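As stored in coords.cif (mmCIF, C-alpha atoms):
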data_structure
loop_
_atom_site.group_PDB
_atom_site.id
_atom_site.type_symbol
_atom_site.label_atom_id
_atom_site.label_comp_id
_atom_site.auth_asym_id
_atom_site.auth_seq_id
_atom_site.Cartn_x
_atom_site.Cartn_y
_atom_site.Cartn_z
ATOM 1 C CA MET X 1 138.121 116.151 61.991
ATOM 2 C CA ALA X 2 138.713 113.136 64.233
ATOM 3 C CA LYS X 3 139.549 109.953 62.408
ATOM 4 C CA ALA X 4 136.779 107.356 62.553
ATOM 5 C CA PRO X 5 137.591 104.332 64.732
ATOM 6 C CA PRO X 6 138.196 101.045 62.914
ATOM 7 C CA PRO X 7 135.434 98.428 62.781
ATOM 8 C CA PRO X 8 135.521 95.806 65.562
ATOM 9 C CA ASP X 9 137.078 92.372 65.329
ATOM 10 C CA PRO X 10 135.074 89.175 65.922
ATOM 11 C CA VAL X 11 135.055 87.720 69.441
ATOM 12 C CA PHE X 12 136.494 84.552 67.875
ATOM 13 C CA THR X 13 136.427 82.666 64.566
ATOM 14 C CA LEU X 14 135.534 79.020 63.990
ATOM 15 C CA ARG X 15 137.884 77.390 61.486
ATOM 16 C CA GLY X 16 137.963 73.960 59.913
ATOM 17 C CA SER X 17 134.782 73.868 57.833
ATOM 18 C CA ALA X 18 135.235 71.580 54.838
ATOM 19 C CA ALA X 19 133.162 73.787 52.506
ATOM 20 C CA PRO X 20 131.634 77.273 52.248
ATOM 21 C CA ILE X 21 129.001 78.017 54.910
ATOM 22 C CA ASN X 22 125.449 78.667 53.713
ATOM 23 C CA ALA X 23 123.416 78.618 56.933
ATOM 24 C CA LEU X 24 123.842 79.089 60.706
ATOM 25 C CA HIS X 25 121.662 78.499 63.757
ATOM 26 C CA PHE X 26 122.383 78.853 67.500
ATOM 27 C CA GLN X 27 121.060 76.584 70.250
ATOM 28 C CA CYS X 28 122.195 78.036 73.571
ATOM 29 C CA SER X 29 119.165 77.904 75.870
ATOM 30 C CA GLY X 30 119.037 74.150 76.550
ATOM 31 C CA PRO X 31 120.628 72.188 79.407
ATOM 32 C CA GLY X 32 123.636 71.075 77.316
ATOM 33 C CA PRO X 33 126.600 73.082 76.001
ATOM 34 C CA PRO X 34 125.885 76.040 73.692
ATOM 35 C CA LEU X 35 125.782 74.793 70.101
ATOM 36 C CA LEU X 36 126.028 76.359 66.645
ATOM 37 C CA TYR X 37 124.763 74.458 63.590
ATOM 38 C CA SER X 38 126.325 75.296 60.226
ATOM 39 C CA GLY X 39 124.967 74.109 56.881
ATOM 40 C CA LEU X 40 127.678 73.521 54.281
ATOM 41 C CA GLU X 41 127.801 73.679 50.510
ATOM 42 C CA LYS X 42 128.911 70.032 50.328
ATOM 43 C CA GLY X 43 125.620 68.835 51.860
ATOM 44 C CA SER X 44 126.392 68.296 55.540
ATOM 45 C CA VAL X 45 125.596 70.070 58.833
ATOM 46 C CA ASP X 46 128.414 70.692 61.331
ATOM 47 C CA VAL X 47 127.456 70.829 65.029
ATOM 48 C CA TRP X 48 129.875 73.171 66.856
ATOM 49 C CA ASN X 49 130.390 73.172 70.624
ATOM 50 C CA LEU X 50 130.950 76.839 71.516
ATOM 51 C CA ASN X 51 132.736 75.952 74.755
ATOM 52 C CA THR X 52 135.430 73.872 73.046
ATOM 53 C CA ARG X 53 135.063 75.702 69.671
ATOM 54 C CA ARG X 54 135.223 72.342 67.899
ATOM 55 C CA THR X 55 132.725 70.261 65.951
ATOM 56 C CA GLU X 56 130.900 67.633 68.026
ATOM 57 C CA ARG X 57 129.454 65.743 65.058
ATOM 58 C CA VAL X 58 128.612 66.031 61.383
ATOM 59 C CA LEU X 59 125.115 65.299 60.023
ATOM 60 C CA ASP X 60 124.834 64.131 56.419
ATOM 61 C CA GLY X 61 121.318 63.710 55.047
ATOM 62 C CA HIS X 62 121.204 65.565 51.738
ATOM 63 C CA HIS X 63 123.417 63.293 49.638
ATOM 64 C CA GLY X 64 125.944 65.984 48.766
ATOM 65 C CA ALA X 65 123.355 68.651 47.861
ATOM 66 C CA SER X 66 124.130 72.045 49.381
ATOM 67 C CA VAL X 67 122.458 72.765 52.750
ATOM 68 C CA ILE X 68 120.991 76.280 52.638
ATOM 69 C CA TRP X 69 119.000 76.515 55.918
ATOM 70 C CA VAL X 70 119.095 74.987 59.409
ATOM 71 C CA SER X 71 116.912 75.538 62.467
ATOM 72 C CA THR X 72 115.746 73.790 65.637
ATOM 73 C CA LEU X 73 112.310 73.517 67.199
ATOM 74 C CA PRO X 74 112.247 75.475 70.483
ATOM 75 C CA SER X 75 110.498 72.785 72.528
ATOM 76 C CA SER X 76 112.327 69.627 71.401
ATOM 77 C CA ASP X 77 115.635 68.116 70.228
ATOM 78 C CA THR X 78 114.512 68.408 66.611
ATOM 79 C CA LEU X 79 116.661 69.894 63.862
ATOM 80 C CA LEU X 80 115.398 71.045 60.470
ATOM 81 C CA SER X 81 117.740 71.226 57.476
ATOM 82 C CA GLN X 82 116.911 72.358 53.948
ATOM 83 C CA GLY X 83 119.010 71.218 51.005
ATOM 84 C CA ARG X 84 119.164 71.910 47.303
ATOM 85 C CA ASP X 85 118.014 68.325 46.790
ATOM 86 C CA MET X 86 114.514 69.902 47.127
ATOM 87 C CA ARG X 87 114.014 68.374 50.590
ATOM 88 C CA VAL X 88 113.633 69.544 54.179
ATOM 89 C CA CYS X 89 114.938 66.911 56.591
ATOM 90 C CA VAL X 90 113.511 66.598 60.118
ATOM 91 C CA TRP X 91 116.213 65.223 62.462
ATOM 92 C CA ASP X 92 115.836 63.548 65.859
ATOM 93 C CA LEU X 93 118.888 64.558 67.934
ATOM 94 C CA CYS X 94 117.599 63.379 71.325
ATOM 95 C CA GLU X 95 120.062 61.390 73.467
ATOM 96 C CA GLY X 96 122.814 61.570 70.876
ATOM 97 C CA ARG X 97 120.744 60.266 67.972
ATOM 98 C CA SER X 98 121.267 61.615 64.429
ATOM 99 C CA THR X 99 118.232 60.231 62.628
ATOM 100 C CA VAL X 100 116.138 61.699 59.815
ATOM 101 C CA THR X 101 112.550 60.957 60.868
ATOM 102 C CA HIS X 102 110.631 62.833 58.137
ATOM 103 C CA THR X 103 111.295 64.687 54.913
ATOM 104 C CA LEU X 104 109.306 67.404 53.135
ATOM 105 C CA HIS X 105 109.523 67.824 49.363
ATOM 106 C CA THR X 106 109.745 71.493 48.384
ATOM 107 C CA GLY X 107 110.152 71.198 44.625
ATOM 108 C CA SER X 108 112.266 74.358 44.691
ATOM 109 C CA VAL X 109 115.595 74.463 42.859
ATOM 110 C CA GLY X 110 116.383 78.022 43.995
ATOM 111 C CA PHE X 111 118.285 79.391 46.978
ATOM 112 C CA CYS X 112 115.383 80.738 49.060
ATOM 113 C CA GLN X 113 115.567 79.517 52.655
ATOM 114 C CA CYS X 114 112.644 78.238 54.706
ATOM 115 C CA SER X 115 111.277 80.140 57.688
ATOM 116 C CA GLN X 116 109.540 78.811 60.790
ATOM 117 C CA LEU X 117 107.168 80.441 63.269
ATOM 118 C CA GLU X 118 105.921 79.005 66.562
ATOM 119 C CA ALA X 119 102.331 80.252 66.369
ATOM 120 C CA ASP X 120 101.476 78.809 69.809
ATOM 121 C CA ILE X 121 102.658 76.047 72.159
ATOM 122 C CA SER X 122 101.251 73.259 69.986
ATOM 123 C CA THR X 123 101.578 74.744 66.496
ATOM 124 C CA THR X 124 104.756 75.396 64.510
ATOM 125 C CA LEU X 125 104.422 76.736 60.981
ATOM 126 C CA LEU X 126 107.034 76.360 58.252
ATOM 127 C CA ALA X 127 107.137 78.531 55.126
ATOM 128 C CA ILE X 128 108.876 76.772 52.236
ATOM 129 C CA PRO X 129 109.603 77.915 48.669
ATOM 130 C CA GLY X 130 107.316 76.251 46.144
ATOM 131 C CA GLU X 131 107.887 74.615 42.778
ATOM 132 C CA THR X 132 107.341 77.868 40.894
ATOM 133 C CA THR X 133 109.937 80.597 41.409
ATOM 134 C CA GLU X 134 107.535 82.977 43.204
ATOM 135 C CA GLU X 135 105.436 80.558 45.278
ATOM 136 C CA VAL X 136 105.492 80.180 49.079
ATOM 137 C CA LYS X 137 103.791 77.275 50.861
ATOM 138 C CA VAL X 138 102.948 77.280 54.572
ATOM 139 C CA VAL X 139 103.108 73.858 56.261
ATOM 140 C CA ASP X 140 101.958 72.729 59.722
ATOM 141 C CA LEU X 141 104.976 70.830 61.066
ATOM 142 C CA GLY X 142 102.863 68.815 63.490
ATOM 143 C CA SER X 143 100.744 67.177 60.799
ATOM 144 C CA LEU X 144 103.091 67.871 57.845
ATOM 145 C CA THR X 145 100.113 69.228 55.896
ATOM 146 C CA THR X 146 100.105 72.267 53.602
ATOM 147 C CA LEU X 147 97.869 75.025 55.016
ATOM 148 C CA CYS X 148 98.061 77.491 52.146
ATOM 149 C CA SER X 149 99.990 78.513 49.051
ATOM 150 C CA LEU X 150 100.898 82.165 48.386
ATOM 151 C CA THR X 151 101.654 83.560 44.934
ATOM 152 C CA PRO X 152 101.992 87.213 43.827
ATOM 153 C CA ASP X 153 99.448 88.882 41.561
ATOM 154 C CA ALA X 154 102.162 89.988 39.131
ATOM 155 C CA LYS X 155 105.592 88.790 38.013
ATOM 156 C CA ARG X 156 108.178 89.722 40.651
ATOM 157 C CA GLY X 157 111.118 87.490 39.775
ATOM 158 C CA MET X 158 112.695 84.638 41.732
ATOM 159 C CA LEU X 159 112.081 84.519 45.473
ATOM 160 C CA MET X 160 115.428 85.028 47.258
ATOM 161 C CA CYS X 161 114.640 85.109 51.003
ATOM 162 C CA MET X 162 111.663 85.236 53.353
ATOM 163 C CA LYS X 163 110.814 85.416 57.057
ATOM 164 C CA MET X 164 107.552 84.696 58.883
ATOM 165 C CA TRP X 165 106.870 87.384 61.472
ATOM 166 C CA GLN X 166 103.813 88.394 63.475
ATOM 167 C CA ILE X 167 103.456 92.013 62.376
ATOM 168 C CA GLN X 168 100.803 94.104 60.654
ATOM 169 C CA ALA X 169 102.438 97.303 59.406
ATOM 170 C CA PRO X 170 104.308 97.204 56.067
ATOM 171 C CA VAL X 171 107.942 98.384 56.060
ATOM 172 C CA VAL X 172 110.416 98.649 53.181
ATOM 173 C CA LEU X 173 114.194 98.363 53.661
ATOM 174 C CA THR X 174 116.542 98.872 50.692
ATOM 175 C CA ASN X 175 120.004 97.320 50.724
ATOM 176 C CA PRO X 176 122.559 95.859 48.349
ATOM 177 C CA GLY X 177 122.054 92.186 47.439
ATOM 178 C CA VAL X 178 121.044 90.367 50.615
ATOM 179 C CA SER X 179 121.522 86.665 51.324
ATOM 180 C CA GLN X 180 119.634 86.600 54.617
ATOM 181 C CA LEU X 181 117.851 88.782 57.191
ATOM 182 C CA ARG X 182 117.682 88.033 60.919
ATOM 183 C CA ILE X 183 115.802 89.861 63.699
ATOM 184 C CA ARG X 184 117.234 89.512 67.200
ATOM 185 C CA GLY X 185 115.018 87.841 69.796
ATOM 186 C CA ASP X 186 114.286 91.097 71.630
ATOM 187 C CA SER X 187 113.068 92.679 68.359
ATOM 188 C CA LYS X 188 115.435 95.633 68.714
ATOM 189 C CA ILE X 189 117.914 95.079 65.865
ATOM 190 C CA VAL X 190 117.941 93.376 62.470
ATOM 191 C CA ALA X 191 121.063 92.118 60.675
ATOM 192 C CA SER X 192 121.562 91.463 56.970
ATOM 193 C CA ALA X 193 124.126 89.201 55.297
ATOM 194 C CA GLY X 194 125.441 91.053 52.253
ATOM 195 C CA TRP X 195 126.713 89.911 48.894
ATOM 196 C CA ASP X 196 129.432 92.593 49.242
ATOM 197 C CA CYS X 197 131.165 90.686 52.122
ATOM 198 C CA ARG X 198 129.596 92.917 54.795
ATOM 199 C CA VAL X 199 127.126 92.431 57.636
ATOM 200 C CA ARG X 200 124.854 95.421 58.232
ATOM 201 C CA VAL X 201 123.081 96.030 61.542
ATOM 202 C CA HIS X 202 119.951 98.221 61.742
ATOM 203 C CA SER X 203 117.581 99.308 64.467
ATOM 204 C CA TRP X 204 114.445 97.231 63.945
ATOM 205 C CA LYS X 205 112.172 100.022 65.232
ATOM 206 C CA SER X 206 113.511 102.848 63.071
ATOM 207 C CA LEU X 207 115.569 100.874 60.488
ATOM 208 C CA ASN X 208 118.378 103.382 61.056
ATOM 209 C CA PRO X 209 121.836 101.901 60.307
ATOM 210 C CA LEU X 210 123.907 101.091 63.403
ATOM 211 C CA ALA X 211 126.967 99.286 62.052
ATOM 212 C CA VAL X 212 128.741 97.805 59.051
ATOM 213 C CA LEU X 213 130.942 94.816 59.909
ATOM 214 C CA CYS X 214 133.734 94.271 57.371
ATOM 215 C CA TYR X 215 135.637 91.071 58.110
ATOM 216 C CA HIS X 216 134.956 88.416 55.467
ATOM 217 C CA ARG X 217 136.735 88.193 52.120
ATOM 218 C CA ASP X 218 133.794 86.740 50.169
ATOM 219 C CA GLN X 219 130.022 87.104 50.153
ATOM 220 C CA VAL X 220 128.300 86.608 53.512
ATOM 221 C CA ARG X 221 125.646 83.955 53.053
ATOM 222 C CA CYS X 222 124.019 83.754 56.483
ATOM 223 C CA VAL X 223 123.678 85.555 59.803
ATOM 224 C CA THR X 224 121.992 84.554 63.055
ATOM 225 C CA PHE X 225 121.657 85.527 66.735
ATOM 226 C CA SER X 226 122.181 83.224 69.703
ATOM 227 C CA ASP X 227 119.326 82.413 72.066
ATOM 228 C CA HIS X 228 121.410 82.669 75.222
ATOM 229 C CA PRO X 229 119.156 83.087 78.302
ATOM 230 C CA GLU X 230 121.361 85.937 79.571
ATOM 231 C CA SER X 231 120.887 88.799 77.140
ATOM 232 C CA THR X 232 124.333 90.337 77.738
ATOM 233 C CA GLN X 233 125.913 87.087 76.492
ATOM 234 C CA THR X 234 124.074 87.166 73.160
ATOM 235 C CA LEU X 235 126.314 86.641 70.128
ATOM 236 C CA MET X 236 125.779 87.178 66.431
ATOM 237 C CA ALA X 237 127.337 84.726 63.957
ATOM 238 C CA ALA X 238 128.009 85.285 60.258
ATOM 239 C CA GLY X 239 128.951 82.558 57.784
ATOM 240 C CA SER X 240 130.673 83.244 54.498
ATOM 241 C CA ARG X 241 131.697 81.671 51.235
ATOM 242 C CA ASP X 242 135.295 82.087 52.502
ATOM 243 C CA GLN X 243 134.586 79.061 54.807
ATOM 244 C CA LEU X 244 134.876 81.125 58.020
ATOM 245 C CA ILE X 245 132.305 81.730 60.761
ATOM 246 C CA SER X 246 132.762 85.026 62.607
ATOM 247 C CA LEU X 247 131.123 85.586 66.000
ATOM 248 C CA TRP X 248 130.377 89.080 67.272
ATOM 249 C CA SER X 249 129.413 90.582 70.621
ATOM 250 C CA ILE X 250 126.730 93.213 70.047
ATOM 251 C CA TYR X 251 125.882 94.205 73.611
ATOM 252 C CA SER X 252 127.868 96.734 75.626
ATOM 253 C CA ALA X 253 128.492 95.324 79.105
ATOM 254 C CA SER X 254 128.534 98.817 80.601
ATOM 255 C CA ARG X 255 125.088 99.590 79.217
ATOM 256 C CA GLY X 256 123.330 96.370 80.133
ATOM 257 C CA THR X 257 120.942 95.058 77.504
ATOM 258 C CA ARG X 258 120.431 98.308 75.640
ATOM 259 C CA PRO X 259 121.560 97.771 72.010
ATOM 260 C CA GLU X 260 123.740 100.866 71.602
ATOM 261 C CA ARG X 261 126.364 101.260 68.897
ATOM 262 C CA HIS X 262 129.598 99.565 69.865
ATOM 263 C CA GLU X 263 132.276 102.216 70.431
ATOM 264 C CA ARG X 264 134.321 100.579 67.667
ATOM 265 C CA TYR X 265 131.496 100.274 65.157
ATOM 266 C CA ARG X 266 131.505 102.484 62.113
ATOM 267 C CA THR X 267 129.219 105.457 62.420
ATOM 268 C CA ALA X 268 125.961 105.862 60.538
ATOM 269 C CA GLY X 269 127.640 108.486 58.341
ATOM 270 C CA GLU X 270 130.289 106.028 57.246
ATOM 271 C CA PHE X 271 127.576 103.448 56.623
ATOM 272 C CA LYS X 272 126.044 105.744 54.030
ATOM 273 C CA ARG X 273 129.328 105.844 52.144
ATOM 274 C CA CYS X 274 129.276 102.075 51.611
ATOM 275 C CA PRO X 275 128.294 101.092 48.033
ATOM 276 C CA LEU X 276 124.532 101.080 47.578
ATOM 277 C CA ASP X 277 124.393 100.831 43.812
ATOM 278 C CA TRP X 278 122.851 97.341 43.624
ATOM 279 C CA PRO X 279 119.050 97.210 43.526
ATOM 280 C CA GLY X 280 117.687 95.159 46.381
ATOM 281 C CA LEU X 281 114.610 94.986 48.525
ATOM 282 C CA ALA X 282 113.525 93.403 51.768
ATOM 283 C CA CYS X 283 109.834 93.924 52.344
ATOM 284 C CA ILE X 284 107.627 93.058 55.314
ATOM 285 C CA HIS X 285 104.103 92.394 54.149
ATOM 286 C CA HIS X 286 100.798 92.304 55.994
ATOM 287 C CA MET X 287 100.732 88.495 56.083
ATOM 288 C CA GLY X 288 103.888 88.439 58.205
ATOM 289 C CA LEU X 289 106.356 87.315 55.544
ATOM 290 C CA ILE X 290 109.591 89.198 54.969
ATOM 291 C CA THR X 291 110.741 88.581 51.426
ATOM 292 C CA GLY X 292 113.959 89.715 49.833
ATOM 293 C CA ALA X 293 115.071 90.509 46.334
ATOM 294 C CA GLY X 294 118.541 91.019 44.961
ATOM 295 C CA PRO X 295 120.221 92.227 41.774
ATOM 296 C CA GLY X 296 118.375 91.142 38.682
ATOM 297 C CA TRP X 297 114.892 91.433 40.155
ATOM 298 C CA PRO X 298 112.556 93.414 37.910
ATOM 299 C CA GLY X 299 111.533 96.752 39.356
ATOM 300 C CA GLN X 300 111.296 97.027 43.143
ATOM 301 C CA GLY X 301 109.255 93.896 43.661
ATOM 302 C CA GLY X 302 109.021 91.596 46.646
ATOM 303 C CA LEU X 303 106.405 88.920 47.297
ATOM 304 C CA ALA X 304 102.896 90.362 47.111
ATOM 305 C CA CYS X 305 101.272 88.516 49.990
#
Conversion result in structure tokens:
Amino acid sequence: MAKAPPPPDPVFTLRGSAAPINALHFQCSGPGPPLLYSGLEKGSVDVWNLNTRRTERVLDGHHGASVIWVSTLPSSDTLLSQGRDMRVCVWDLCEGRSTVTHTLHTGSVGFCQCSQLEADISTTLLAIPGETTEEVKVVDLGSLTTLCSLTPDAKRGMLMCMKMWQIQAPVVLTNPGVSQLRIRGDSKIVASAGWDCRVRVHSWKSLNPLAVLCYHRDQVRCVTFSDHPESTQTLMAAGSRDQLISLWSIYSASRGTRPERHERYRTAGEFKRCPLDWPGLACIHHMGLITGAGPGWPGQGGLAC
């Protein structure tokens, strides 16, 4: 039997973070240099220039409380950062500014990250964890008003992760403990950041496993895809408790934009031999929220939307 090829190496690694990385977000489609935002455990956000592979500036608005989620609004120079100080900060980054213009109080002391959805050109929705461990609130970012509050009909345990998504059919995906789920912009693959130091890549259509990326030495806390306008230049970034950010090329240049397995990825058969003994659940519900559970959740529960 032919020996399986080794897993691939990252395209490059960003070093120099002053604390473990909890959150990542690309901004590559604008007129400026491609950027990567990283939220750190010490409460700051590093802004990385991917051309120079160095930090351009550091944003500090959470008073030392761990930053667990970062994102930008597609149509403006606005950054959102969520900290464990129970606040979401809205930043104005236009023309070099680094100003917090608004804050949202979440009341959540957990680790569940926010999720945003651009419903139309004028409306951006933000799902935030609520004061109770199972509650999700949906906020209109334009008016900063709460549109609705979602709570399950039965006890499901603490909310661990969620994602707003415009979809109707329910799908269940079981994995070991998951820190974060990300769907690529073309809706063809989904990646999960694992508590077992691995990043797993699945086909979004079939949920078949495509790859297991084993590089980090500690739990992977976040994963994200770049929004590069040229699809063949799309990168995936993973941030870990080991204070490293690994960047991966997931397109094969010889096959254009078709998301085939990389020739150096592990095969699906090897994927199945990875440890799957931790109970975990990521569930896509009819309301368009993906919610995730990890070890310690009672039963097989997610958020009953």
Could you tell me which residues the PyMOL selection byres ((chain X and resi 113) around 7) returns for this structure, as a PDB file with C-alpha atoms, in the coordinates of the input?
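The result, written out as selection-v5.pdb:
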ATOM      1  CA  ILE X  68     120.991  76.280  52.638  1.00  0.00           C
ATOM      2  CA  TRP X  69     119.000  76.515  55.918  1.00  0.00           C
ATOM      3  CA  PHE X 111     118.285  79.391  46.978  1.00  0.00           C
ATOM      4  CA  CYS X 112     115.383  80.738  49.060  1.00  0.00           C
ATOM      5  CA  CYS X 114     112.644  78.238  54.706  1.00  0.00           C
ATOM      6  CA  SER X 115     111.277  80.140  57.688  1.00  0.00           C
ATOM      7  CA  CYS X 161     114.640  85.109  51.003  1.00  0.00           C
ATOM      8  CA  MET X 162     111.663  85.236  53.353  1.00  0.00           C
TER       9      MET X 162
END
X:Pro8, X:Asn22, X:Arg156, X:Leu247: which is nearest Leu213 in chain X, counting only C-alpha atoms?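 Closest residue, counting only C-alpha atoms: X:Pro8.
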Enter the distance from CA of His216 in chain X to CA of Cys197 in chain X, in Å, rounded to one decimal.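 We find that CA of His216 in chain X and CA of Cys197 in chain X lie 5.5 Å from each other.
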Report as a list in words the full result of the PyMOL selection byres ((chain X and resi 196) around 8) when it is applied to this structure.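 In the shown coordinates, the PyMOL selection byres ((chain X and resi 196) around 8) covers Pro176, Gly177, Gly194, Trp195, Cys197, Arg198, Asp218, Gln219 and Val220 of chain X.
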Written as a ChimeraX atom specification, what is the full residue list that the PyMOL selection byres ((chain X and resi 224) around 7) yields on the file shown? /X:24-25,182,222-223,225-226,236-238
Using only C-alpha atoms, collect all residues at a distance of at most 7 Å from (121.6, 82.4, 70.3) as written in the file, then present them as a PyMOL selection string. chain X and resi 26-28+225-228+234-235
